[in-house]
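Shown next: work-v1.csv, given as CSV, C-alpha atoms and all ligand atoms.
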chain,number,residue,atom,x,y,z
A,28,MET,CA,161.7,14.2,130.0
A,29,ARG,CA,158.0,13.9,130.1
A,30,GLU,CA,157.6,17.0,127.9
A,31,VAL,CA,160.0,15.7,125.3
A,32,SER,CA,158.2,12.4,124.8
A,33,HIS,CA,154.9,14.2,124.6
A,34,THR,CA,156.2,16.4,121.8
A,35,ALA,CA,157.6,13.4,120.0
A,36,ARG,CA,154.2,11.7,120.1
A,37,ARG,CA,152.5,14.8,118.8
A,38,ILE,CA,154.9,15.0,115.8
A,39,GLN,CA,154.4,11.3,114.9
A,40,ARG,CA,150.6,11.3,115.1
A,41,PRO,CA,148.8,12.9,112.0
A,42,ALA,CA,146.2,15.5,112.7
A,43,PRO,CA,142.9,13.7,113.5
A,44,ARG,CA,141.1,15.0,110.4
A,45,ALA,CA,144.0,13.9,108.2
A,46,GLY,CA,144.0,10.5,109.9
A,47,ALA,CA,140.3,10.1,109.4
A,48,LEU,CA,140.6,11.0,105.7
A,49,ARG,CA,143.3,8.3,105.1
A,50,LEU,CA,141.4,5.7,107.1
A,51,ALA,CA,138.3,6.4,105.1
A,52,GLN,CA,140.2,6.3,101.8
A,53,ARG,CA,141.5,2.8,102.7
A,54,ARG,CA,138.0,1.6,103.7
A,55,LEU,CA,136.5,2.8,100.5
A,56,GLN,CA,139.3,1.2,98.5
A,57,ARG,CA,138.7,-2.2,100.2
A,58,ALA,CA,134.9,-2.0,99.6
A,59,ASN,CA,135.5,-2.2,95.8
A,60,LEU,CA,133.1,0.7,94.9
A,61,TYR,CA,132.6,2.2,91.5
A,62,TYR,CA,133.8,5.8,90.9
A,63,GLY,CA,132.9,8.0,88.0
A,64,HIS,CA,129.9,9.9,89.3
A,65,GLY,CA,131.7,13.2,89.6
A,66,THR,CA,134.6,11.7,91.6
A,67,ALA,CA,137.4,9.5,90.2
A,68,GLU,CA,138.7,7.5,93.1
A,69,ALA,CA,138.4,6.6,96.7
A,70,LEU,CA,140.4,9.7,98.0
A,71,ASP,CA,138.0,12.0,96.1
A,72,ASP,CA,135.0,10.4,97.7
A,73,ALA,CA,136.5,10.4,101.1
A,74,ALA,CA,137.4,14.1,100.8
A,75,ALA,CA,133.9,15.0,99.5
A,76,LEU,CA,132.3,13.2,102.4
A,77,LEU,CA,134.7,14.7,105.0
A,78,ALA,CA,134.0,18.2,103.7
A,79,HIS,CA,130.3,17.5,104.1
A,80,ALA,CA,130.8,16.1,107.6
A,81,LEU,CA,132.7,19.2,108.5
A,82,LEU,CA,129.8,21.3,107.2
A,83,LEU,CA,132.0,23.0,104.7
A,84,ARG,CA,130.0,24.2,101.7
A,85,ARG,CA,133.0,23.9,99.4
A,86,PRO,CA,135.6,21.3,98.4
A,87,LEU,CA,138.0,20.1,101.1
A,88,GLU,CA,141.3,22.0,101.2
A,89,GLU,CA,144.7,21.0,102.7
A,90,ARG,CA,144.3,23.6,105.5
A,91,ASP,CA,141.0,22.0,106.6
A,92,LEU,CA,142.9,18.9,107.7
A,93,ALA,CA,144.6,20.8,110.5
A,94,GLY,CA,141.3,21.9,112.2
A,95,PRO,CA,139.7,20.3,115.3
A,96,TRP,CA,137.9,16.9,115.0
A,97,SER,CA,134.7,17.0,116.9
A,98,LYS,CA,132.7,14.0,118.0
A,99,ALA,CA,129.7,15.2,116.0
A,100,ALA,CA,131.8,15.5,112.8
A,101,ALA,CA,133.2,12.1,113.4
A,102,LEU,CA,129.7,10.6,113.7
A,103,ARG,CA,128.5,12.4,110.6
A,104,PHE,CA,131.5,11.2,108.6
A,105,GLU,CA,131.0,7.6,109.8
A,106,ALA,CA,127.3,7.6,108.8
A,107,LEU,CA,128.2,9.0,105.3
A,108,LEU,CA,130.9,6.4,104.8
A,109,GLN,CA,128.5,3.6,105.8
A,110,ARG,CA,125.9,4.7,103.3
A,111,ARG,CA,128.4,5.0,100.5
A,112,ILE,CA,129.7,1.5,101.2
A,113,ARG,CA,126.6,-0.4,102.2
A,114,GLU,CA,124.0,1.3,99.9
A,115,ARG,CA,126.5,2.1,97.1
A,116,ILE,CA,125.1,5.7,96.9
A,117,PRO,CA,127.4,8.0,94.9
A,118,ALA,CA,129.0,10.6,97.1
A,119,VAL,CA,127.4,13.5,95.4
A,120,TYR,CA,123.9,12.2,96.3
A,121,LEU,CA,125.0,12.1,99.9
A,122,THR,CA,126.4,15.6,100.0
A,123,ARG,CA,123.7,17.0,97.6
A,124,ARG,CA,126.3,19.2,96.1
A,125,CYS,CA,128.8,19.3,93.3
A,126,TRP,CA,130.7,21.7,91.1
A,127,TYR,CA,130.3,21.8,87.3
A,128,ALA,CA,132.3,24.1,85.1
A,129,GLY,CA,133.2,25.9,88.4
A,130,LEU,CA,129.5,26.4,89.3
A,131,PRO,CA,128.2,25.1,92.7
A,132,LEU,CA,125.1,23.0,92.1
A,133,TYR,CA,122.4,21.4,94.2
A,134,ILE,CA,122.0,17.8,93.2
A,135,ASP,CA,119.6,15.0,94.3
A,136,GLU,CA,118.4,11.7,93.0
A,137,ARG,CA,115.9,13.3,90.6
A,138,VAL,CA,118.9,14.2,88.3
A,139,LEU,CA,122.0,12.6,86.8
A,140,ILE,CA,125.2,13.6,88.6
A,141,PRO,CA,126.8,16.2,86.3
A,142,ARG,CA,130.0,14.9,84.7
A,143,SER,CA,129.8,15.7,81.0
A,144,ALA,CA,133.0,16.7,79.3
A,145,ILE,CA,130.9,19.4,77.6
A,146,ALA,CA,131.9,21.6,80.6
A,147,GLU,CA,135.3,22.1,79.0
A,148,LEU,CA,133.8,23.2,75.7
A,149,ILE,CA,131.6,25.7,77.6
A,150,GLU,CA,134.6,27.0,79.4
A,151,ARG,CA,136.2,27.5,76.0
A,152,ARG,CA,133.0,29.3,74.8
A,153,PHE,CA,132.7,26.6,72.1
A,154,ALA,CA,135.9,27.8,70.4
A,155,PRO,CA,136.7,27.5,67.6
A,156,TRP,CA,133.3,26.3,66.4
A,157,VAL,CA,131.2,29.5,67.0
A,158,ASP,CA,131.7,33.2,67.1
A,159,PRO,CA,130.9,33.9,70.8
A,160,ALA,CA,129.8,37.5,70.1
A,161,ALA,CA,127.1,36.2,67.7
A,162,VAL,CA,125.6,33.7,70.1
A,163,ARG,CA,122.1,34.9,71.2
A,164,GLN,CA,120.0,31.7,71.5
A,165,ILE,CA,121.1,28.4,73.1
A,166,ALA,CA,119.1,25.2,73.7
A,167,ASP,CA,120.2,22.5,76.2
A,168,LEU,CA,118.1,19.4,75.5
A,169,GLY,CA,117.9,17.0,78.5
A,170,THR,CA,119.0,19.6,81.0
A,171,GLY,CA,118.8,17.5,84.2
A,172,SER,CA,120.2,19.6,87.0
A,173,GLY,CA,120.6,22.5,84.5
A,174,CYS,CA,124.4,22.2,84.7
A,175,ILE,CA,125.0,22.7,80.9
A,176,ALA,CA,122.3,25.3,80.4
A,177,LEU,CA,123.4,27.4,83.4
A,178,ALA,CA,127.1,27.2,82.6
A,179,ALA,CA,126.4,28.2,79.0
A,180,ALA,CA,124.3,31.1,80.2
A,181,LEU,CA,127.2,32.4,82.2
A,182,ALA,CA,129.7,31.8,79.4
A,183,PHE,CA,127.5,33.7,77.0
A,184,PRO,CA,126.1,36.7,79.0
A,185,ARG,CA,124.2,38.1,76.0
A,186,ALA,CA,122.4,34.8,75.2
A,187,ARG,CA,119.1,33.3,76.3
A,188,VAL,CA,119.0,29.7,77.0
A,189,ASP,CA,116.1,27.1,76.8
A,190,ALA,CA,116.8,24.4,79.3
A,191,VAL,CA,114.6,21.4,78.2
A,192,ASP,CA,113.7,18.2,79.9
A,193,ILE,CA,110.9,15.7,79.7
A,194,ASP,CA,111.0,15.0,83.4
A,195,ALA,CA,109.3,17.3,86.0
A,196,GLY,CA,111.6,16.2,88.8
A,197,ALA,CA,114.7,17.2,86.8
A,198,LEU,CA,113.2,20.6,86.0
A,199,ALA,CA,112.5,21.2,89.7
A,200,VAL,CA,116.2,20.6,90.5
A,201,ALA,CA,117.2,22.9,87.5
A,202,ARG,CA,114.9,25.5,89.0
A,203,ILE,CA,116.6,25.4,92.3
A,204,ASN,CA,120.0,25.9,90.6
A,205,ARG,CA,118.7,28.6,88.3
A,206,GLN,CA,117.4,30.5,91.3
A,207,ALA,CA,120.6,30.1,93.3
A,208,LEU,CA,122.7,31.4,90.3
A,209,GLY,CA,120.4,34.3,89.7
A,210,LEU,CA,119.7,33.2,86.1
A,211,ALA,CA,115.9,33.2,86.0
A,212,ARG,CA,115.7,36.1,83.5
A,213,ARG,CA,117.9,34.4,80.8
A,214,VAL,CA,117.3,30.7,81.3
A,215,ARG,CA,113.8,29.4,80.5
A,216,LEU,CA,112.8,25.9,81.7
A,217,VAL,CA,110.8,24.0,79.2
A,218,LYS,CA,109.0,20.6,79.8
A,219,SER,CA,109.3,18.9,76.4
A,220,ASP,CA,110.2,15.7,74.6
A,221,PHE,CA,113.3,17.3,73.0
A,222,PHE,CA,112.1,19.6,70.2
A,223,GLN,CA,108.4,19.0,70.6
A,224,ALA,CA,107.5,22.2,72.5
A,225,LEU,CA,110.1,24.3,70.6
A,226,ALA,CA,108.2,24.8,67.4
A,227,GLY,CA,109.4,27.8,65.4
A,228,ARG,CA,112.5,28.4,67.7
A,229,ARG,CA,116.0,28.6,66.3
A,230,TYR,CA,119.3,28.4,68.2
A,231,ASP,CA,122.9,29.3,67.5
A,232,ILE,CA,123.9,26.4,69.7
A,233,ILE,CA,121.9,23.2,70.4
A,234,VAL,CA,123.8,21.2,73.1
A,235,SER,CA,122.7,17.9,74.6
A,236,ASN,CA,123.9,15.2,76.9
A,237,PRO,CA,120.9,12.9,76.3
A,238,PRO,CA,120.4,9.4,77.6
A,239,TYR,CA,122.4,6.9,75.5
A,240,VAL,CA,122.6,3.6,77.3
A,241,GLY,CA,121.1,0.5,75.6
A,242,ALA,CA,119.2,-2.2,77.4
A,243,ALA,CA,122.0,-4.8,77.7
A,244,GLU,CA,124.6,-2.2,78.9
A,245,TYR,CA,122.1,-0.8,81.4
A,246,ALA,CA,121.6,-4.3,83.0
A,247,GLY,CA,125.3,-4.6,83.5
A,248,LEU,CA,126.0,-1.2,85.1
A,249,PRO,CA,127.5,-1.1,88.6
A,250,PRO,CA,125.0,-0.6,91.5
A,251,GLU,CA,125.9,3.1,91.8
A,252,TYR,CA,124.0,3.8,88.6
A,253,ALA,CA,120.7,2.4,90.0
A,254,HIS,CA,120.5,5.6,92.2
A,255,GLU,CA,120.4,7.8,89.0
A,256,PRO,CA,117.0,8.3,87.2
A,257,GLU,CA,116.5,5.6,84.5
A,258,VAL,CA,115.1,8.2,82.2
A,259,ALA,CA,118.5,10.0,82.3
A,260,LEU,CA,120.4,6.9,81.2
A,261,ARG,CA,118.4,4.5,79.1
A,262,SER,CA,117.4,5.2,75.5
A,263,GLY,CA,115.6,2.4,73.8
A,264,PRO,CA,117.0,-1.1,73.2
A,265,ASP,CA,120.3,0.1,71.5
A,266,GLY,CA,120.8,3.5,73.3
A,267,MET,CA,120.1,5.4,70.1
A,268,GLN,CA,116.5,6.6,70.6
A,269,ALA,CA,117.4,10.1,71.8
A,270,VAL,CA,120.3,10.6,69.4
A,271,ARG,CA,118.0,9.7,66.5
A,272,LYS,CA,115.4,12.3,67.6
A,273,LEU,CA,118.1,15.0,68.1
A,274,LEU,CA,119.6,14.4,64.6
A,275,ALA,CA,116.2,14.3,63.0
A,276,GLY,CA,115.0,17.6,64.5
A,277,ALA,CA,118.2,19.7,64.8
A,278,LEU,CA,118.2,21.3,61.4
A,279,ARG,CA,114.8,23.0,61.7
A,280,HIS,CA,115.9,24.5,65.0
A,281,LEU,CA,119.4,25.8,64.1
A,282,THR,CA,120.3,29.2,62.8
A,283,PRO,CA,122.1,29.0,59.4
A,284,ARG,CA,125.5,29.2,61.2
A,285,GLY,CA,124.4,27.2,64.2
A,286,VAL,CA,126.0,24.0,65.6
A,287,LEU,CA,124.7,20.9,67.3
A,288,VAL,CA,126.8,19.3,70.0
A,289,VAL,CA,125.8,16.0,71.4
A,290,GLU,CA,127.4,13.6,73.9
A,291,VAL,CA,126.8,10.0,73.0
A,292,GLY,CA,129.6,8.3,75.1
A,293,ASN,CA,130.4,4.8,74.0
A,294,THR,CA,127.5,4.8,71.6
A,295,GLU,CA,129.9,6.6,69.2
A,296,THR,CA,130.5,3.6,67.0
A,297,THR,CA,126.8,2.8,66.6
A,298,VAL,CA,126.1,6.5,65.8
A,299,GLN,CA,128.8,6.5,63.1
A,300,ARG,CA,127.5,3.2,61.6
A,301,GLU,CA,123.9,4.4,61.5
A,302,PHE,CA,124.7,7.9,60.0
A,303,PRO,CA,127.7,7.3,57.6
A,304,GLN,CA,126.6,10.3,55.5
A,305,LEU,CA,127.3,12.7,58.4
A,306,PRO,CA,130.9,14.2,58.8
A,307,PHE,CA,130.9,14.1,62.6
A,308,VAL,CA,133.7,16.0,64.3
A,309,TRP,CA,134.6,14.1,67.5
A,310,LEU,CA,135.7,16.6,70.1
A,311,GLU,CA,138.8,16.2,72.3
A,312,PHE,CA,139.0,17.2,75.9
A,313,GLU,CA,142.1,17.9,78.0
A,314,ARG,CA,140.5,16.7,81.3
A,315,GLY,CA,139.3,13.4,79.7
A,316,GLY,CA,136.0,12.1,78.5
A,317,GLY,CA,134.9,11.8,74.9
A,318,GLY,CA,132.1,10.5,72.6
A,319,VAL,CA,130.9,14.1,72.0
A,320,PHE,CA,130.2,15.1,68.4
A,321,LEU,CA,129.7,18.4,66.7
A,322,LEU,CA,127.9,19.1,63.4
A,323,SER,CA,127.1,22.4,61.8
A,324,ALA,CA,123.7,23.3,60.4
A,325,GLU,CA,125.4,23.4,57.0
A,326,GLN,CA,126.6,19.8,57.4
A,327,LEU,CA,123.2,18.6,58.5
A,328,ARG,CA,121.6,20.3,55.5
A,329,ALA,CA,124.1,18.9,53.0
A,330,ALA,CA,123.5,15.4,54.4
A,331,GLY,CA,119.7,15.8,54.0
A,332,LEU,CA,119.2,15.3,57.7
A,333,GLY,CA,115.9,16.5,59.2
A,334,LYS,CA,114.3,17.5,55.9
A,335,ARG,CA,111.3,15.3,56.4
A,336,SER,CA,111.1,15.7,60.2
A,337,ARG,CA,108.0,17.3,61.7
A,338,GLY,CA,108.5,19.3,64.9
A,339,LYS,CA,110.5,16.5,66.7
A,401,LIG,C1,122.2,12.0,80.7
A,401,LIG,S1,121.0,13.1,81.5
A,401,LIG,C2,121.9,14.7,81.3
A,401,LIG,C3,121.6,15.7,82.3
A,401,LIG,C4,122.4,16.9,82.3
A,401,LIG,N1,122.3,17.6,81.0
A,401,LIG,C5,123.9,16.6,82.5
A,401,LIG,O1,124.7,16.6,81.6
A,401,LIG,O2,124.2,16.2,83.7
A,401,LIG,C6,119.7,13.2,80.3
A,401,LIG,C7,118.6,14.0,80.6
A,401,LIG,O3,117.7,14.0,79.5
A,401,LIG,C8,116.4,13.9,80.0
A,401,LIG,N2,115.5,13.3,78.9
A,401,LIG,C9,115.4,12.0,78.7
A,401,LIG,N3,114.6,11.8,77.6
A,401,LIG,C10,114.2,13.0,77.2
A,401,LIG,C11,113.4,13.5,76.2
A,401,LIG,N4,112.7,12.7,75.4
A,401,LIG,N5,113.2,14.8,76.1
A,401,LIG,C12,113.8,15.7,76.9
A,401,LIG,N6,114.6,15.3,77.9
A,401,LIG,C13,114.8,14.0,78.1
A,401,LIG,C14,116.4,13.1,81.3
A,401,LIG,O4,115.3,13.4,82.1
A,401,LIG,C15,117.8,13.6,81.8
A,401,LIG,O5,117.6,14.7,82.7
Using structure tokens, write down the structure that the file contains.
Ligand SMILES: C[S@@+](CC[C@H](N)C(=O)[O-])C[C@H]1O[C@@H](n2cnc3c(N)ncnc32)[C@H](O)[C@@H]1O
Amino acid sequence: MREVSHTARRIQRPAPRAGALRLAQRRLQRANLYYGHGTAEALDDAAALLAHALLLRRPLEERDLAGPWSKAAALRFEALLQRRIRERIPAVYLTRRCWYAGLPLYIDERVLIPRSAIAELIERRFAPWVDPAAVRQIADLGTGSGCIALAAALAFPRARVDAVDIDAGALAVARINRQALGLARRVRLVKSDFFQALAGRRYDIIVSNPPYVGAAEYAGLPPEYAHEPEVALRSGPDGMQAVRKLLAGALRHLTPRGVLVVEVGNTETTVQREFPQLPFVWLEFERGGGGVFLLSAEQLRAAGLGKRSRGK
């Protein structure tokens, strides 16, 4: 009899790790947190924090839930959950790790948490907009962690990539990731205000996820955003400062068949209003996200963009 009831209890009770995950999910849901920094909902955050507490260096998998639940892991998990809830720190800054276009990256508060939909375009090797075999030079302006530059370098093994940022802290993080991925020979880190230090250089692809948040929008962002560098988010009073610089300078740095790809998020309407002469192609993504435009060098030239710009 005793044996039977023991078995029944074992069957009813979930594995302790699975139970901890569900409890954490409910706590996060009740705390009304904001998601969107590399994770989409409470369960994603709970899973990322649990993987970290279990000292896994990869995303949590179903099979991990069956393993033993040590006191040390439980304490680590609790501490992570408390920081996520009380300090509103995005999960990626707590785990210091994320995956972008399939690449493992080191991330800390010196850089924006990678989440740009441009990952999907890189995975498609910018099809159908470029001939992948002809791509030799790429620039990623506002590289942050280096996520876009490094993913692009791997997608185009014959290309050299300039990964540009104005912020020394961001470049230090990009250096860590470049080193870990063994890309130091093909990815150059450049400290520059967008095109300023790139005089005379031309690229087949110029890609950028620049800051594009205006002053009013910035003031109303959820607390999680305050952990990201302001320089990575804010761009003048209307969010347009960086985009203006990119559009003004792109033509003189593109090869004749080159393309410019820029994420502008919800500044899309303002961009269209300010540049009605430009035939923006707004890209679509299967995994969600938007506000990313593409323009060819030819289109920029035809619209007279960048003719009068000097170096920037
Ligand atoms: C939105 S974050 C994007 C980071 C990364 N590319 C990504 O997608 O996760 C923008 C980046 O642009 C950089 N930045 C801001 N102003 C800049 C400027 N004038 N010139 C170059 N980089 C700039 C910031 O330091 C930040 O790393």
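Atom to atom, atom O1 of ligand LIG 401 (chain A) and atom CA of A:Ala242 stand 20.0 Å apart.
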Identify, counting all atoms listed in the file, the protein, DNA and RNA residues located within 9 Å of ligand LIG 401 (chain A), and give them as a short mmCIF file (atom, residue, chain, number, x, y, z; two decimals) with C-alpha atoms, keeping the file's coordinate frame.
data_model
loop_
_atom_site.label_atom_id
_atom_site.label_comp_id
_atom_site.auth_asym_id
_atom_site.auth_seq_id
_atom_site.Cartn_x
_atom_site.Cartn_y
_atom_site.Cartn_z
CA ARG A 137 115.90 13.30 90.60
CA VAL A 138 118.90 14.20 88.30
CA LEU A 139 122.00 12.60 86.80
CA ILE A 140 125.20 13.60 88.60
CA PRO A 141 126.80 16.20 86.30
CA ARG A 142 130.00 14.90 84.70
CA SER A 143 129.80 15.70 81.00
CA ALA A 144 133.00 16.70 79.30
CA ILE A 145 130.90 19.40 77.60
CA ALA A 146 131.90 21.60 80.60
CA ASP A 167 120.20 22.50 76.20
CA LEU A 168 118.10 19.40 75.50
CA GLY A 169 117.90 17.00 78.50
CA THR A 170 119.00 19.60 81.00
CA GLY A 171 118.80 17.50 84.20
CA SER A 172 120.20 19.60 87.00
CA GLY A 173 120.60 22.50 84.50
CA CYS A 174 124.40 22.20 84.70
CA ILE A 175 125.00 22.70 80.90
CA ALA A 176 122.30 25.30 80.40
CA ALA A 190 116.80 24.40 79.30
CA VAL A 191 114.60 21.40 78.20
CA ASP A 192 113.70 18.20 79.90
CA ILE A 193 110.90 15.70 79.70
CA ASP A 194 111.00 15.00 83.40
CA ALA A 195 109.30 17.30 86.00
CA GLY A 196 111.60 16.20 88.80
CA ALA A 197 114.70 17.20 86.80
CA LEU A 198 113.20 20.60 86.00
CA LYS A 218 109.00 20.60 79.80
CA SER A 219 109.30 18.90 76.40
CA ASP A 220 110.20 15.70 74.60
CA PHE A 221 113.30 17.30 73.00
CA PHE A 222 112.10 19.60 70.20
CA GLN A 223 108.40 19.00 70.60
CA VAL A 234 123.80 21.20 73.10
CA SER A 235 122.70 17.90 74.60
CA ASN A 236 123.90 15.20 76.90
CA PRO A 237 120.90 12.90 76.30
CA PRO A 238 120.40 9.40 77.60
CA TYR A 239 122.40 6.90 75.50
CA PRO A 256 117.00 8.30 87.20
CA GLU A 257 116.50 5.60 84.50
CA VAL A 258 115.10 8.20 82.20
CA ALA A 259 118.50 10.00 82.30
CA LEU A 260 120.40 6.90 81.20
CA ARG A 261 118.40 4.50 79.10
CA SER A 262 117.40 5.20 75.50
CA GLN A 268 116.50 6.60 70.60
CA ALA A 269 117.40 10.10 71.80
CA LYS A 272 115.40 12.30 67.60
CA GLU A 290 127.40 13.60 73.90
#
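The nearest approach to A:Ala118 among the residues A:Pro155, A:Pro131, A:Gly65, A:Gly292, with only C-alpha atoms taken into account, belongs to A:Gly65.
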Write out as number ranges by chain the residues lying within 8 Å of A:Pro250, counting all atoms listed in the file and excluding same-chain residues fewer than 3 positions away. A: 115, 253-254
Residue nearest A:His64 among A:Pro249, A:Gly241, A:Gly94, A:Gly209 (counting only C-alpha atoms): A:Pro249
If we count all atoms listed in the file, what is near A:Thr296 at a cut-off of 12 Å, once residues fewer than 6 positions away on the same chain are taken out, given as number ranges by chain? A: 265-267, 302-303, 307, 309, 318-320
A:Ala80 environment, 7 Å, only C-alpha atoms, sequence neighbours closer than 5 positions dropped, as a PDB file with C-alpha atoms, in the coordinates of the input:
ATOM      1  CA  ALA A 100     131.800  15.500 112.800  1.00  0.00           C
ATOM      2  CA  ARG A 103     128.500  12.400 110.600  1.00  0.00           C
ATOM      3  CA  PHE A 104     131.500  11.200 108.600  1.00  0.00           C
TER       4      PHE A 104
END
